[in-house]
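upload_19.cif follows (mmCIF, C-alpha atoms and all ligand atoms):
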data_coords
loop_
_atom_site.label_atom_id
_atom_site.label_comp_id
_atom_site.auth_asym_id
_atom_site.auth_seq_id
_atom_site.Cartn_x
_atom_site.Cartn_y
_atom_site.Cartn_z
CA MET A 1287 17.90 50.78 -39.33
CA PRO A 1288 20.89 50.03 -37.08
CA THR A 1289 24.38 51.12 -38.06
CA ALA A 1290 26.50 49.64 -35.27
CA VAL A 1291 27.78 46.14 -34.54
CA SER A 1292 25.22 44.87 -32.07
CA ASP A 1293 27.57 43.45 -29.43
CA ALA A 1294 31.28 43.14 -28.73
CA PRO A 1295 32.74 41.12 -31.63
CA GLY A 1296 34.60 37.96 -30.59
CA GLY A 1297 37.86 36.43 -31.85
CA SER A 1298 36.24 34.80 -34.88
CA ASN A 1299 34.74 38.17 -35.90
CA ARG A 1300 38.15 39.85 -35.64
CA PHE A 1301 39.66 37.02 -37.70
CA ALA A 1302 37.00 37.54 -40.42
CA GLN A 1303 37.52 41.32 -40.34
CA ARG A 1304 41.30 40.89 -40.77
CA LEU A 1305 40.86 38.33 -43.55
CA PHE A 1306 38.25 40.29 -45.52
CA SER A 1307 39.34 43.91 -45.00
CA PRO A 1308 41.94 43.94 -47.84
CA LEU A 1309 39.70 42.03 -50.28
CA PRO A 1310 36.64 44.08 -51.34
CA GLU A 1311 38.02 45.72 -54.47
CA ARG A 1312 38.51 42.58 -56.49
CA TYR A 1313 36.20 40.34 -54.47
CA ASP A 1314 33.57 39.44 -57.05
CA ARG A 1315 36.09 38.56 -59.78
CA LEU A 1316 38.21 36.51 -57.41
CA ALA A 1317 35.19 34.74 -55.91
CA GLU A 1318 34.68 33.32 -59.40
CA VAL A 1319 38.29 32.05 -59.43
CA LEU A 1320 37.95 30.53 -55.96
CA SER A 1321 34.72 28.75 -56.94
CA PHE A 1322 36.14 27.47 -60.25
CA GLY A 1323 33.90 29.90 -62.15
CA GLN A 1324 30.75 28.62 -60.41
CA ASN A 1325 29.92 31.40 -57.90
CA GLY A 1326 27.49 33.20 -60.23
CA ARG A 1327 25.57 29.99 -60.93
CA TRP A 1328 25.44 29.08 -57.24
CA ARG A 1329 24.20 32.57 -56.36
CA ARG A 1330 21.39 32.35 -58.89
CA ALA A 1331 20.32 28.96 -57.46
CA LEU A 1332 20.29 30.51 -53.97
CA VAL A 1333 18.30 33.56 -55.03
CA ASP A 1334 15.77 31.32 -56.90
CA HIS A 1335 14.51 30.21 -53.46
CA VAL A 1336 13.94 33.83 -52.43
CA VAL A 1337 12.25 34.75 -55.72
CA GLU A 1338 9.79 31.85 -55.28
CA ALA A 1339 8.67 33.31 -51.93
CA SER A 1340 7.74 36.72 -53.46
CA PRO A 1341 9.09 38.56 -50.39
CA GLY A 1342 8.52 42.18 -49.41
CA LEU A 1343 11.50 42.51 -47.05
CA VAL A 1344 14.72 40.44 -47.23
CA LEU A 1345 17.86 40.29 -45.07
CA ASP A 1346 21.21 39.21 -46.57
CA VAL A 1347 23.75 38.36 -43.83
CA ALA A 1348 27.52 38.38 -44.57
CA THR A 1349 26.58 40.47 -47.58
CA GLY A 1350 30.17 41.42 -48.49
CA PRO A 1351 30.13 43.69 -51.56
CA ALA A 1352 26.35 43.06 -51.80
CA GLY A 1353 26.36 40.76 -54.85
CA VAL A 1354 23.57 38.56 -53.46
CA ALA A 1355 21.62 41.53 -52.04
CA LEU A 1356 21.73 43.30 -55.42
CA GLN A 1357 20.55 40.21 -57.26
CA ILE A 1358 17.63 39.81 -54.83
CA ALA A 1359 16.69 43.47 -55.32
CA ALA A 1360 16.86 43.07 -59.10
CA ARG A 1361 14.86 39.84 -59.25
CA THR A 1362 12.13 40.64 -56.68
CA GLY A 1363 10.22 43.76 -55.75
CA ALA A 1364 11.62 43.46 -52.22
CA ARG A 1365 13.41 45.98 -50.04
CA VAL A 1366 16.72 44.39 -49.03
CA VAL A 1367 18.89 44.90 -45.95
CA GLY A 1368 22.53 43.75 -46.17
CA VAL A 1369 24.54 43.16 -42.98
CA ASP A 1370 28.27 42.46 -42.67
CA VAL A 1371 30.84 42.51 -39.88
CA THR A 1372 33.62 44.06 -42.05
CA GLU A 1373 33.44 47.81 -42.60
CA ALA A 1374 35.68 47.68 -45.72
CA MET A 1375 33.27 45.22 -47.35
CA LEU A 1376 30.35 47.54 -46.57
CA ARG A 1377 32.17 50.50 -48.15
CA ARG A 1378 32.46 48.50 -51.36
CA ALA A 1379 28.84 47.38 -51.01
CA ARG A 1380 27.71 51.05 -50.73
CA LEU A 1381 29.57 51.85 -53.93
CA ASN A 1382 28.01 48.88 -55.77
CA VAL A 1383 24.51 49.66 -54.48
CA GLY A 1384 24.90 53.34 -55.44
CA ARG A 1385 26.02 52.42 -58.96
CA ALA A 1386 23.08 50.04 -59.37
CA GLY A 1387 20.61 52.55 -57.89
CA ALA A 1388 19.12 49.62 -55.93
CA ARG A 1389 16.76 49.42 -52.93
CA VAL A 1390 19.41 47.96 -50.60
CA HIS A 1391 20.06 49.31 -47.10
CA LEU A 1392 23.45 48.36 -45.60
CA ALA A 1393 24.39 48.02 -41.93
CA LEU A 1394 27.33 46.84 -39.84
CA GLY A 1395 26.27 43.76 -37.86
CA ARG A 1396 27.07 40.19 -36.82
CA GLY A 1397 25.20 37.08 -37.90
CA GLU A 1398 25.52 35.85 -34.30
CA GLN A 1399 23.42 38.70 -32.89
CA LEU A 1400 21.19 40.48 -35.34
CA PRO A 1401 19.69 43.83 -34.33
CA PHE A 1402 16.18 42.99 -35.54
CA ALA A 1403 12.99 41.84 -33.84
CA ASP A 1404 11.74 38.25 -34.17
CA GLY A 1405 10.06 37.48 -37.50
CA THR A 1406 11.04 40.77 -39.17
CA PHE A 1407 11.89 39.37 -42.61
CA ASP A 1408 10.02 37.42 -45.28
CA ALA A 1409 13.32 35.85 -46.35
CA VAL A 1410 16.88 35.71 -44.97
CA THR A 1411 19.93 34.67 -47.00
CA PHE A 1412 23.50 34.06 -45.83
CA THR A 1413 26.52 33.17 -47.93
CA TYR A 1414 29.88 31.75 -46.80
CA LEU A 1415 29.17 32.64 -43.14
CA LEU A 1416 29.14 29.58 -40.88
CA ARG A 1417 32.86 28.82 -41.31
CA TYR A 1418 33.59 32.17 -39.64
CA VAL A 1419 31.51 31.82 -36.46
CA ASP A 1420 32.35 30.04 -33.17
CA ASP A 1421 28.96 28.40 -32.74
CA PRO A 1422 27.23 27.57 -36.07
CA ALA A 1423 24.12 26.08 -34.36
CA ALA A 1424 23.55 29.25 -32.29
CA THR A 1425 24.09 31.39 -35.41
CA VAL A 1426 21.52 29.36 -37.37
CA ARG A 1427 19.06 29.88 -34.47
CA GLU A 1428 19.70 33.61 -34.62
CA LEU A 1429 19.22 33.73 -38.42
CA SER A 1430 16.02 31.70 -38.14
CA ARG A 1431 14.72 33.95 -35.34
CA VAL A 1432 14.40 36.96 -37.65
CA VAL A 1433 12.49 35.02 -40.39
CA ARG A 1434 8.71 35.37 -40.08
CA PRO A 1435 6.69 32.13 -39.76
CA GLY A 1436 6.24 30.78 -43.29
CA GLY A 1437 9.23 32.79 -44.51
CA VAL A 1438 12.36 31.41 -46.19
CA LEU A 1439 15.93 30.88 -44.99
CA ALA A 1440 18.49 30.14 -47.74
CA ASN A 1441 22.23 29.60 -47.68
CA LEU A 1442 25.16 29.16 -50.08
CA GLU A 1443 28.42 27.52 -48.96
CA PHE A 1444 31.39 25.68 -50.35
CA LEU A 1445 31.29 21.90 -49.93
CA VAL A 1446 33.67 18.96 -50.05
CA PRO A 1447 32.68 16.57 -52.90
CA SER A 1448 31.37 13.25 -51.55
CA SER A 1449 32.73 11.17 -54.46
CA ARG A 1450 36.29 9.99 -53.80
CA PHE A 1451 37.24 10.68 -57.42
CA TRP A 1452 36.05 14.33 -57.39
CA ARG A 1453 37.36 14.84 -53.85
CA PHE A 1454 40.83 13.97 -55.14
CA TRP A 1455 40.63 16.69 -57.84
CA TRP A 1456 38.95 19.13 -55.42
CA TRP A 1457 41.82 18.60 -52.98
CA GLY A 1458 44.40 19.30 -55.69
CA TYR A 1459 42.50 22.40 -56.82
CA THR A 1460 42.03 23.88 -53.35
CA ARG A 1461 45.52 23.04 -52.03
CA LEU A 1462 47.63 23.82 -55.12
CA VAL A 1463 45.74 25.81 -57.75
CA LEU A 1464 43.83 28.15 -55.42
CA PRO A 1465 46.86 29.62 -53.62
CA LEU A 1466 48.69 30.10 -56.95
CA ALA A 1467 45.63 31.52 -58.74
CA GLY A 1468 45.05 33.81 -55.76
CA TRP A 1469 48.63 35.05 -55.93
CA ALA A 1470 48.53 35.55 -59.71
CA THR A 1471 45.27 37.51 -59.69
CA GLY A 1472 45.25 39.30 -56.34
CA GLY A 1473 48.77 39.29 -54.85
CA ARG A 1474 49.72 38.44 -51.26
CA GLU A 1475 46.28 38.93 -49.67
CA TRP A 1476 44.59 36.58 -52.11
CA PHE A 1477 47.41 34.04 -51.81
CA ASP A 1478 46.61 33.94 -48.08
CA VAL A 1479 42.90 33.47 -48.78
CA GLY A 1480 43.61 30.80 -51.42
CA ARG A 1481 45.85 28.93 -48.97
CA PHE A 1482 43.37 29.26 -46.10
CA LEU A 1483 40.18 28.28 -47.90
CA GLY A 1484 40.67 24.54 -48.70
CA PRO A 1485 41.81 23.45 -45.20
CA ASN A 1486 39.13 25.69 -43.64
CA ILE A 1487 36.35 24.07 -45.71
CA SER A 1488 37.66 20.55 -44.94
CA SER A 1489 37.89 21.16 -41.20
CA HIS A 1490 34.44 22.81 -41.10
CA TYR A 1491 32.77 19.73 -42.61
CA ARG A 1492 34.76 17.35 -40.39
CA ARG A 1493 33.20 19.11 -37.38
CA TYR A 1494 29.84 19.97 -38.94
CA PRO A 1495 28.81 17.54 -41.72
CA VAL A 1496 25.84 18.43 -43.91
CA ALA A 1497 23.54 16.06 -41.95
CA TRP A 1498 24.52 17.90 -38.75
CA THR A 1499 23.73 21.23 -40.39
CA VAL A 1500 20.30 20.02 -41.54
CA GLU A 1501 19.53 19.01 -37.92
CA ALA A 1502 20.74 22.43 -36.71
CA TRP A 1503 18.27 24.10 -39.11
CA ARG A 1504 15.42 21.87 -37.87
CA ASP A 1505 16.32 22.53 -34.23
CA ALA A 1506 16.23 26.24 -35.08
CA GLY A 1507 12.59 25.93 -36.19
CA MET A 1508 13.00 25.38 -39.95
CA VAL A 1509 10.88 22.82 -41.81
CA ASP A 1510 11.05 21.42 -45.35
CA VAL A 1511 14.82 21.78 -45.23
CA GLY A 1512 16.39 21.03 -48.62
CA VAL A 1513 20.00 20.64 -49.73
CA ARG A 1514 21.37 20.77 -53.27
CA PRO A 1515 25.05 19.98 -53.87
CA MET A 1516 26.28 22.06 -56.81
CA SER A 1517 29.03 21.53 -59.39
CA LEU A 1518 30.03 17.92 -58.52
CA GLY A 1519 29.76 18.70 -54.81
CA GLY A 1520 32.00 21.78 -54.64
CA GLY A 1521 29.11 24.03 -53.56
CA LEU A 1522 25.96 23.65 -51.48
CA VAL A 1523 22.65 25.51 -51.60
CA MET A 1524 20.37 24.98 -48.57
CA TRP A 1525 16.88 26.30 -47.93
CA GLY A 1526 14.00 25.87 -45.52
CA THR A 1527 10.73 27.40 -44.31
CA ARG A 1528 10.21 28.90 -40.84
CA ALA A 1529 7.69 26.79 -38.94
CA GLY A 1530 4.54 28.21 -37.39
CA ALA A 1531 2.83 29.88 -40.37
C1 LIG A 1601 33.27 35.18 -48.57
S1 LIG A 1601 32.52 36.71 -48.14
C2 LIG A 1601 30.92 36.51 -48.88
C3 LIG A 1601 30.32 37.82 -49.33
C4 LIG A 1601 28.98 37.69 -50.05
N1 LIG A 1601 27.99 37.00 -49.25
C5 LIG A 1601 29.11 37.05 -51.39
O1 LIG A 1601 28.72 35.90 -51.54
O2 LIG A 1601 29.63 37.68 -52.30
C6 LIG A 1601 32.16 36.41 -46.45
C7 LIG A 1601 31.65 37.66 -45.75
O3 LIG A 1601 31.23 37.27 -44.45
C8 LIG A 1601 31.48 38.34 -43.59
N2 LIG A 1601 31.40 37.81 -42.22
C9 LIG A 1601 32.25 36.93 -41.62
N3 LIG A 1601 31.84 36.66 -40.37
C10 LIG A 1601 30.68 37.36 -40.18
C11 LIG A 1601 29.76 37.46 -39.11
N4 LIG A 1601 29.96 36.79 -37.98
N5 LIG A 1601 28.67 38.25 -39.25
C12 LIG A 1601 28.46 38.94 -40.42
N6 LIG A 1601 29.31 38.89 -41.47
C13 LIG A 1601 30.40 38.09 -41.36
C14 LIG A 1601 32.84 38.83 -44.03
O4 LIG A 1601 33.11 40.13 -43.58
C15 LIG A 1601 32.71 38.73 -45.54
O5 LIG A 1601 32.26 39.94 -46.11
#
Would you give me this structure, written as C-alpha cells?
Ligand SMILES: C[S@@+](CC[C@H](N)C(=O)[O-])C[C@H]1O[C@@H](n2cnc3c(N)ncnc32)[C@H](O)[C@@H]1O
Amino acid sequence: MPTAVSDAPGGSNRFAQRLFSPLPERYDRLAEVLSFGQNGRWRRALVDHVVEASPGLVLDVATGPAGVALQIAARTGARVVGVDVTEAMLRRARLNVGRAGARVHLALGRGEQLPFADGTFDAVTFTYLLRYVDDPAATVRELSRVVRPGGVLANLEFLVPSSRFWRFWWWGYTRLVLPLAGWATGGREWFDVGRFLGPNISSHYRRYPVAWTVEAWRDAGMVDVGVRPMSLGGGLVMWGTRAGA
C-alpha cells in the first residue's frame, strides 16, 4: 500500500492541511457540536449503503481520525483503507485504529489523485471532502475510477436547508453559535473552524448545487444515484453504483 502523497499538493490541499492539522485530538467530539449532534447519525446512514453491498475491500477518502473507516470495519467483514492529505489526522487515525484493533490500513493521499488502479475497491466512501478541492467534478471522477463496476460510492456532506424557515435558523446557528461553541469547546483553532464552516458551506452550494453534484456523479460513471437530506436539510448522504457491472 502507498504511503506518500501521490502528486504535488496544490493550494487547496495546503489550505486543508493548515486547517486540519491542529484539530485531530478533539475532532470527533467537536464534529458532533458542529453538526448539531447529528454527525453520528449521518455517519451511520452513510455506512448503511456500504453494509448493503457486503464489500470485501473498501476505501475511505478524507478519513480524518478514521471514524467512518472504523465503523465500516466494525459493521462489515471488509478490509478498509483510509486515505487523508493531513499527516496529523493520520497520526490520530493510527492511534484510534490501534486502540480498536481494527483491519484498517492508513495512507497519506489526495482524493484528487488516488494511488490505486481502476476498479480496485468494492466500495468507496468520502466525507466532507468536496469543499476542500479545486475541481469537485474531476475529484468525483477520480473517486469513481477506483470503484469496481457494480460497486458503491457513498458520500456525507453538510447541506444548506432548502426550507426558508430552517435556512434562517441554520444561518443563525452556523454564523453565531458555531464560532462561539467552537471557541468554548476547542479554543482559537476551533473558533476559526466554526467561523469558516458556515460561509464555506453556503458558497460551495452556490457554485455546486445538489443537482449539479448528481450530474457530476452520473458523468463520472455512477448510476442509480440517490440523495437523502438529513436533519431538516443540514446534512446530505449521497450514494450510487458504478456502471458497467
Ligand atoms: C472534516 S474532516 C472529515 C474527517 C472524517 N471523514 C470524518 O467524517 O470524521 C475532513 C478531512 O478531509 C481531509 N482532506 C481535505 N482535503 C483533502 C484531499 N484533497 N484529499 C484527501 N483528504 C483531504 C482533511 O485532512 C480532513 O481530515
What gap, in Å, lies between atom C12 of ligand LIG 1601 (chain A) and atom CA of A:Pro1465?
24.5 Å
Using all atoms listed in the file, which of the listed residues (A:Asp1421, A:Asp1334, A:Glu1428, A:Glu1475) sits closest to A:Arg1493?
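Using all atoms listed in the file, the shortest distance to A:Arg1493 belongs to A:Asp1421.
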Quick one: residues within 7 Å of ligand LIG 1601 (chain A), with all atoms listed in the file, as a PyMOL selection string?
chain A and resi 1299+1302-1303+1306+1314+1347-1354+1369-1372+1375+1395-1398+1412-1415+1418-1419
Give the answer as one residue: which of A:Leu1394, A:Trp1455, A:Pro1495, A:His1335 has the shortest atom-to-atom distance to A:Arg1380, using all atoms listed in the file?
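Once distances to A:Arg1380 are computed over all atoms listed in the file, the minimum belongs to A:Leu1394.
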Mind pulling up the distance from atom CA of A:Ala1359 to atom CA of A:Leu1392?
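Atom CA of A:Leu1392 sits 12.8 Å away from atom CA of A:Ala1359.
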Which residues are close to stretch 1446-1452 of chain A, i.e. within 6 Å by only C-alpha atoms, leaving aside same-chain residues fewer than 4 positions away? Reply as a list in words.
Trp1456, Gly1519 and Gly1520 of chain A
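The two atoms in question, atom CA of A:Arg1304 and atom CA of A:Phe1402, are spaced 25.7 Å apart.
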Which one is closest to A:Val1366: A:Ala1409, A:Ala1470, A:Leu1400, A:Arg1385? Count all atoms listed in the file.
A:Ala1409
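Across A:His1490, A:Leu1462, A:Ala1339, A:Val1344, the tightest approach to A:Phe1477 is made by A:Leu1462 when counting all atoms listed in the file.
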With 10 Å as the cut-off and all atoms listed in the file counted, what is the closest atom pair between each nearby residue of stretch 1296-1378 of chain A and stretch 1497-1517 of chain A? Distances in Å to one decimal, ordered by chain and number, as a tab-separated table.
residue	atom	partner	partner_atom	distance
A:Ser1321	CA	A:Ser1517	CA	9.5
A:Phe1322	CA	A:Ser1517	CA	9.3
A:Gln1324	CA	A:Ser1517	CA	7.4
A:Arg1327	CA	A:Met1516	CA	9.0
A:Trp1328	CA	A:Met1516	CA	7.1
A:Ala1331	CA	A:Met1516	CA	9.1
A:Leu1332	CA	A:Arg1514	CA	9.8
Counting only C-alpha atoms, find residues at most 9 Å from (40.2, 41.8, -49.1) (file frame) and give them as a ChimeraX atom specification.
/A:1304-1313,1374-1375,1475-1476,1479
Within 12 Å of A:Gly1363, counting all atoms listed in the file, which residues qualify if same-chain residues fewer than 3 places away don't, as a PyMOL selection string?
chain A and resi 1336-1344+1356-1360+1366+1388-1390
For a quick check of understanding, using all atoms listed in the file, which of A:Thr1406, A:Thr1460, A:Thr1471, A:Thr1362 has the smallest distance to A:Leu1345?
A:Thr1406
Neighbours of point (17.0, 26.9, -50.0) within 6 Å, using all atoms listed in the file, written as a list in words
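Within 6 Å of (17.0, 26.9, -50.0), the protein and nucleic acid residues are His1335, Ala1440, Met1524, Trp1525 and Gly1526 of chain A.
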Around all of stretch 1465-1475 of chain A's listed atoms, make the axis-aligned box with 3 Å on each side and tell me centre and edge lengths in Å to one decimal, as lines of an AutoDock Vina configuration file.
center_x = 47.4
center_y = 34.5
center_z = -54.7
size_x = 10.7
size_y = 15.7
size_z = 16.0
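Neighbouring residues of A:Arg1528 at 8 Å or closer, counting all atoms listed in the file and skipping chain neighbours under 3 positions away, are Ser1430, Val1433, Arg1434, Pro1435, Gly1436, Gly1437, Val1438, Leu1439, Gly1507, Met1508, Val1509 and Ala1531 of chain A.
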Written record: stretch 1457-1469 of chain A, all heavy atoms, as a PDB file, in the first residue's frame:
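The new file out-v3.pdb reads:
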ATOM      1  N   TRP A1457     -28.726  29.459   9.370  1.00  0.00           N
ATOM      2  CA  TRP A1457     -27.821  30.593   9.191  1.00  0.00           C
ATOM      3  C   TRP A1457     -27.393  31.131  10.564  1.00  0.00           C
ATOM      4  O   TRP A1457     -26.211  31.333  10.810  1.00  0.00           O
ATOM      5  CB  TRP A1457     -28.520  31.692   8.370  1.00  0.00           C
ATOM      6  CG  TRP A1457     -27.547  32.677   7.806  1.00  0.00           C
ATOM      7  CD1 TRP A1457     -26.960  32.640   6.575  1.00  0.00           C
ATOM      8  CD2 TRP A1457     -27.043  33.847   8.464  1.00  0.00           C
ATOM      9  NE1 TRP A1457     -26.110  33.696   6.425  1.00  0.00           N
ATOM     10  CE2 TRP A1457     -26.142  34.465   7.582  1.00  0.00           C
ATOM     11  CE3 TRP A1457     -27.247  34.429   9.715  1.00  0.00           C
ATOM     12  CZ2 TRP A1457     -25.455  35.625   7.892  1.00  0.00           C
ATOM     13  CZ3 TRP A1457     -26.560  35.583  10.038  1.00  0.00           C
ATOM     14  CH2 TRP A1457     -25.671  36.174   9.127  1.00  0.00           C
ATOM     15  N   GLY A1458     -28.373  31.297  11.457  1.00  0.00           N
ATOM     16  CA  GLY A1458     -28.050  31.794  12.800  1.00  0.00           C
ATOM     17  C   GLY A1458     -27.110  30.834  13.520  1.00  0.00           C
ATOM     18  O   GLY A1458     -26.141  31.248  14.164  1.00  0.00           O
ATOM     19  N   TYR A1459     -27.387  29.533  13.385  1.00  0.00           N
ATOM     20  CA  TYR A1459     -26.551  28.532  14.069  1.00  0.00           C
ATOM     21  C   TYR A1459     -25.124  28.553  13.535  1.00  0.00           C
ATOM     22  O   TYR A1459     -24.151  28.607  14.304  1.00  0.00           O
ATOM     23  CB  TYR A1459     -27.167  27.138  13.898  1.00  0.00           C
ATOM     24  CG  TYR A1459     -26.394  26.069  14.640  1.00  0.00           C
ATOM     25  CD1 TYR A1459     -26.454  25.970  16.030  1.00  0.00           C
ATOM     26  CD2 TYR A1459     -25.572  25.177  13.949  1.00  0.00           C
ATOM     27  CE1 TYR A1459     -25.722  25.012  16.709  1.00  0.00           C
ATOM     28  CE2 TYR A1459     -24.844  24.212  14.630  1.00  0.00           C
ATOM     29  CZ  TYR A1459     -24.921  24.134  16.009  1.00  0.00           C
ATOM     30  OH  TYR A1459     -24.189  23.192  16.681  1.00  0.00           O
ATOM     31  N   THR A1460     -24.990  28.532  12.192  1.00  0.00           N
ATOM     32  CA  THR A1460     -23.635  28.434  11.626  1.00  0.00           C
ATOM     33  C   THR A1460     -22.857  29.743  11.789  1.00  0.00           C
ATOM     34  O   THR A1460     -21.639  29.706  11.951  1.00  0.00           O
ATOM     35  CB  THR A1460     -23.672  28.047  10.126  1.00  0.00           C
ATOM     36  OG1 THR A1460     -24.479  28.986   9.409  1.00  0.00           O
ATOM     37  CG2 THR A1460     -24.238  26.654   9.935  1.00  0.00           C
ATOM     38  N   ARG A1461     -23.547  30.894  11.728  1.00  0.00           N
ATOM     39  CA  ARG A1461     -22.809  32.172  11.778  1.00  0.00           C
ATOM     40  C   ARG A1461     -22.548  32.644  13.206  1.00  0.00           C
ATOM     41  O   ARG A1461     -21.564  33.331  13.464  1.00  0.00           O
ATOM     42  CB  ARG A1461     -23.568  33.271  11.049  1.00  0.00           C
ATOM     43  CG  ARG A1461     -23.670  33.191   9.519  1.00  0.00           C
ATOM     44  CD  ARG A1461     -22.805  32.215   8.845  1.00  0.00           C
ATOM     45  NE  ARG A1461     -22.819  32.374   7.398  1.00  0.00           N
ATOM     46  CZ  ARG A1461     -23.249  31.451   6.544  1.00  0.00           C
ATOM     47  NH1 ARG A1461     -23.704  30.290   6.992  1.00  0.00           N
ATOM     48  NH2 ARG A1461     -23.192  31.661   5.237  1.00  0.00           N
ATOM     49  N   LEU A1462     -23.433  32.293  14.150  1.00  0.00           N
ATOM     50  CA  LEU A1462     -23.280  32.825  15.512  1.00  0.00           C
ATOM     51  C   LEU A1462     -22.897  31.741  16.519  1.00  0.00           C
ATOM     52  O   LEU A1462     -21.914  31.872  17.245  1.00  0.00           O
ATOM     53  CB  LEU A1462     -24.581  33.514  15.962  1.00  0.00           C
ATOM     54  CG  LEU A1462     -25.087  34.615  15.026  1.00  0.00           C
ATOM     55  CD1 LEU A1462     -26.453  35.100  15.468  1.00  0.00           C
ATOM     56  CD2 LEU A1462     -24.094  35.779  14.995  1.00  0.00           C
ATOM     57  N   VAL A1463     -23.689  30.652  16.535  1.00  0.00           N
ATOM     58  CA  VAL A1463     -23.470  29.640  17.578  1.00  0.00           C
ATOM     59  C   VAL A1463     -22.174  28.861  17.316  1.00  0.00           C
ATOM     60  O   VAL A1463     -21.384  28.633  18.238  1.00  0.00           O
ATOM     61  CB  VAL A1463     -24.677  28.667  17.663  1.00  0.00           C
ATOM     62  CG1 VAL A1463     -24.446  27.619  18.746  1.00  0.00           C
ATOM     63  CG2 VAL A1463     -25.960  29.448  17.940  1.00  0.00           C
ATOM     64  N   LEU A1464     -21.968  28.464  16.054  1.00  0.00           N
ATOM     65  CA  LEU A1464     -20.792  27.631  15.751  1.00  0.00           C
ATOM     66  C   LEU A1464     -19.469  28.265  16.170  1.00  0.00           C
ATOM     67  O   LEU A1464     -18.658  27.610  16.836  1.00  0.00           O
ATOM     68  CB  LEU A1464     -20.730  27.327  14.251  1.00  0.00           C
ATOM     69  CG  LEU A1464     -21.429  26.077  13.754  1.00  0.00           C
ATOM     70  CD1 LEU A1464     -21.023  25.800  12.318  1.00  0.00           C
ATOM     71  CD2 LEU A1464     -21.068  24.901  14.627  1.00  0.00           C
ATOM     72  N   PRO A1465     -19.208  29.529  15.782  1.00  0.00           N
ATOM     73  CA  PRO A1465     -17.928  30.109  16.206  1.00  0.00           C
ATOM     74  C   PRO A1465     -17.798  30.143  17.733  1.00  0.00           C
ATOM     75  O   PRO A1465     -16.742  29.795  18.280  1.00  0.00           O
ATOM     76  CB  PRO A1465     -17.961  31.529  15.634  1.00  0.00           C
ATOM     77  CG  PRO A1465     -18.974  31.484  14.540  1.00  0.00           C
ATOM     78  CD  PRO A1465     -19.965  30.430  14.910  1.00  0.00           C
ATOM     79  N   LEU A1466     -18.900  30.492  18.426  1.00  0.00           N
ATOM     80  CA  LEU A1466     -18.838  30.587  19.893  1.00  0.00           C
ATOM     81  C   LEU A1466     -18.675  29.205  20.530  1.00  0.00           C
ATOM     82  O   LEU A1466     -17.868  29.019  21.449  1.00  0.00           O
ATOM     83  CB  LEU A1466     -20.098  31.268  20.433  1.00  0.00           C
ATOM     84  CG  LEU A1466     -20.207  32.754  20.088  1.00  0.00           C
ATOM     85  CD1 LEU A1466     -21.520  33.331  20.596  1.00  0.00           C
ATOM     86  CD2 LEU A1466     -19.017  33.528  20.684  1.00  0.00           C
ATOM     87  N   ALA A1467     -19.444  28.221  20.000  1.00  0.00           N
ATOM     88  CA  ALA A1467     -19.331  26.859  20.539  1.00  0.00           C
ATOM     89  C   ALA A1467     -17.932  26.311  20.261  1.00  0.00           C
ATOM     90  O   ALA A1467     -17.341  25.613  21.092  1.00  0.00           O
ATOM     91  CB  ALA A1467     -20.385  25.964  19.905  1.00  0.00           C
ATOM     92  N   GLY A1468     -17.402  26.626  19.086  1.00  0.00           N
ATOM     93  CA  GLY A1468     -16.040  26.201  18.747  1.00  0.00           C
ATOM     94  C   GLY A1468     -15.039  26.770  19.742  1.00  0.00           C
ATOM     95  O   GLY A1468     -14.191  26.055  20.283  1.00  0.00           O
ATOM     96  N   TRP A1469     -15.181  28.054  20.013  1.00  0.00           N
ATOM     97  CA  TRP A1469     -14.263  28.722  20.954  1.00  0.00           C
ATOM     98  C   TRP A1469     -14.371  28.087  22.342  1.00  0.00           C
ATOM     99  O   TRP A1469     -13.368  27.760  22.986  1.00  0.00           O
ATOM    100  CB  TRP A1469     -14.601  30.217  21.025  1.00  0.00           C
ATOM    101  CG  TRP A1469     -13.747  30.945  22.017  1.00  0.00           C
ATOM    102  CD1 TRP A1469     -13.964  31.070  23.353  1.00  0.00           C
ATOM    103  CD2 TRP A1469     -12.509  31.590  21.738  1.00  0.00           C
ATOM    104  NE1 TRP A1469     -12.946  31.774  23.933  1.00  0.00           N
ATOM    105  CE2 TRP A1469     -12.032  32.101  22.968  1.00  0.00           C
ATOM    106  CE3 TRP A1469     -11.767  31.798  20.582  1.00  0.00           C
ATOM    107  CZ2 TRP A1469     -10.839  32.805  23.064  1.00  0.00           C
ATOM    108  CZ3 TRP A1469     -10.574  32.502  20.679  1.00  0.00           C
ATOM    109  CH2 TRP A1469     -10.124  32.988  21.900  1.00  0.00           C
TER     110      TRP A1469
END
